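Student: Pasting a structure below so you can have a look.
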Amino acid sequence: MDAGGISDLDLEKYDADEQVKIICLGDSAVGKSKLMERFLMDGYRPQQLSTYALTLYKYTTTINGKTILVDFWDTAGQERFQSMHPSYYHKSHACIMVFDVQRKITYKNLPNWYKELREYRPEIPCLVVANKIDADMKVTQKSFNFAKKQGLPFYFVSAADGTNVVKVFKDSIQMALSYKKNSNDFMDEVMRELENFDLESKEETSDKEEETQGGKPDSA
Ligand SMILES: Nc1nc2c(ncn2[C@@H]2O[C@H](COP(=O)(O)OP(=O)(O)OP(=O)(O)O)[C@@H](O)[C@H]2O)c(=O)[nH]1
Ligand SMILES: [Mg+2]
């Protein structure tokens, strides 16, 4: 990329109308990183080590004329870390939860991931993704009821051949945006009130300052 390209990106960043954070959850080796790579780089590299700890992918898009900055957070799965650090969930607006259709245990672990997610983010949209359908297309005939039971959107995808990948990520951005707009999540509400409170008290202080200044005789 040349220097011109970089400054264009920077400009876009500062002009962004909206910013959302989307996290990815699921057992190790279900394909979380491959899905991100497929969507963001439109590429798929079959050989790669497990995600070390945390990878942050920045993505910019335009929706209805608005520039949207998306932070996709990718981290390594449960086998090595057991559960995620709370900061991983902090202020996230949507979650993509992935399992591997070839390994039943990764599906069975979904309720554990979901429980942890809901402890930190009770209300954010969560998309359930069945990955690796390229390995055996017959799995799409099977029913995976977890998503239905929880009332969550469900997708059959393949990071390897790209099936439904763009759809999942675009949907997650839309859901994150509408969550951010209409959120009545209790903690978010509290945070917003605190932020407003902060602003109000600052305004009051500056009003008083103006009053005092206004009271002074005009030296001009
Ligand atoms: N056949 C097939 N293999 C896939 C697909 N997606 C990922 N894989 C393979 O599954 C393995 C794990 O993929 P990763 O993306 O590294 O998995 P991960 O969920 O990020 O794993 P951690 O970082 O350890 O949590 C790799 O060898 C990938 O090549 C897919 O759609 N189809
Ligand atoms: Mg990974």
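Following the order of the structure tokens, first chain is A, next is B, and so on, with residues numbered from 1 inside each chain and ligands from 1 in the order they appear.
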At a cut-off of 7 Å around ligand 2, and using only C-alpha atoms and all ligand atoms, what residues come up? Please write them as an NGL selection string.
Tutor: :A and (28-29 or 31-33 or 50-51 or 74-76)
Student: Once DSSP has gone over the backbone, tell me which residues of segment 59-187 of chain A are in helix (DSSP H, G or I), as a VMD selection string.
Tutor: chain A and resid 78 to 81 86 to 89 104 to 108 110 to 120 133 to 135 137 to 141 145 to 150 165 to 182 186 to 187
Student: Skip segment 162-165 of chain A itself and residues of its chain fewer than 3 positions away, then list as a PyMOL selection string all residues within 12 Å of it, counting only C-alpha atoms.
Tutor: chain A and resi 31-32+34-44+96+98+129-134+137+154-159+168-172
Student: I'd like to know which of A:Leu117, A:Val70, A:Val128, A:Ala135 is closest to ligand 1, using only C-alpha atoms and all ligand atoms.
Tutor: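 Of the candidates, the smallest distance to ligand 1 is held by A:Ala135.
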Student: As a list in words, please: the residues near segment 62-65 of chain A (cut-off 12 Å, only C-alpha atoms, same-chain neighbours under 3 positions excluded).
Tutor: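 My reading of the contact set: Glu12, Lys13, Asp15, Ala16, Asp17, Glu18, Gln19, Tyr59, Ile68, Leu69, Val70, Lys170, Asp171, Ile173, Gln174 and Leu177 of chain A.
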Student: Can you write out the residues you just picked, keeping C-alpha atoms, as a short mmCIF file (atom, residue, chain, number, x, y, z; two decimals), in the first residue's frame?
Tutor:
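Final output, saved to selection.cif:
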data_model
loop_
_atom_site.label_atom_id
_atom_site.label_comp_id
_atom_site.auth_asym_id
_atom_site.auth_seq_id
_atom_site.Cartn_x
_atom_site.Cartn_y
_atom_site.Cartn_z
CA GLU A 12 -11.98 7.64 6.77
CA LYS A 13 -11.33 6.71 10.37
CA ASP A 15 -14.79 10.84 9.53
CA ALA A 16 -16.56 7.73 10.83
CA ASP A 17 -20.14 8.41 11.91
CA GLU A 18 -20.43 5.33 14.01
CA GLN A 19 -18.22 2.74 15.62
CA TYR A 59 -13.06 -2.77 9.01
CA ILE A 68 -19.15 2.77 9.92
CA LEU A 69 -16.00 1.66 11.69
CA VAL A 70 -16.12 -1.92 12.89
CA LYS A 170 -22.88 -7.96 7.17
CA ASP A 171 -25.81 -9.09 9.31
CA ILE A 173 -22.79 -5.22 11.58
CA GLN A 174 -26.45 -4.33 10.99
CA LEU A 177 -25.73 -0.89 14.79
#
Student: Please report the interatomic distance between atom CA of Asp161 of chain A and atom CA of Tyr57 of chain A in Å with one decimal.
Tutor: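 Atom-to-atom, atom CA of Asp161 of chain A to atom CA of Tyr57 of chain A, that is 20.8 Å.
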Student: With distances taken over only C-alpha atoms, which residue among A:Tyr179, A:Phe144, A:Phe72, A:Tyr107 lies nearest Cys126 of chain A?
Tutor: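 Using only C-alpha atoms, the shortest distance to Cys126 of chain A belongs to A:Tyr179.
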Student: Quick check, in Å to one decimal: how far apart do atom 6 (N, counted along the ligand's line) of ligand 1 and atom CA of Tyr89 of chain A lie?
Tutor: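 So the answer is 23.3 Å.
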Student: Give me, as a ChimeraX atom specification, all polymer residues having an atom no more than 8 Å from Leu110 of chain A, counting only C-alpha atoms and skipping those fewer than 6 positions away in the same chain.
Tutor: /A:26,97,99,146
Student: Export C-alpha atoms of the chosen residues as a PDB file, in the first residue's frame?
Tutor:
ATOM      1  CA  GLY A  26     -16.231 -20.518  20.214  1.00  0.00           C
ATOM      2  CA  MET A  97     -20.611 -17.585  18.087  1.00  0.00           C
ATOM      3  CA  PHE A  99     -18.952 -24.156  16.217  1.00  0.00           C
ATOM      4  CA  PHE A 146     -29.520 -24.529  20.216  1.00  0.00           C
TER       5      PHE A 146
END
Student: Would you compute the distance between atom 24 (O, counted along the ligand's line) of ligand 1 and atom CA of Ser143 of chain A? Give it in Å to one decimal.
Tutor: 25.5 Å
Student: Give me, as a PyMOL selection string, the residues of segment 36-156 of chain A that a backbone DSSP run labels strand (DSSP E or B).
Tutor: chain A and resi 54-63+66-75+94-100+126-131+154-156
Student: Pick out the closest residue to ligand 1 from this set: A:Met84, A:Val30, A:Cys24, A:Leu127. Count only C-alpha atoms and all ligand atoms.
Tutor: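 Looking only at the distances to ligand 1, the closest residue turns out to be A:Val30.
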Student: Excluding same-chain residues fewer than 3 positions from Trp73 of chain A, what lies within 8 Å of it counting only C-alpha atoms, as a ChimeraX atom specification?
Tutor: /A:21-24,54-57,88
Student: With only C-alpha atoms and all ligand atoms as the basis for distance, which of A:Pro125, A:Arg103, A:Ala160, A:Pro153 is at the shortest distance from ligand 1?
Tutor: A:Ala160
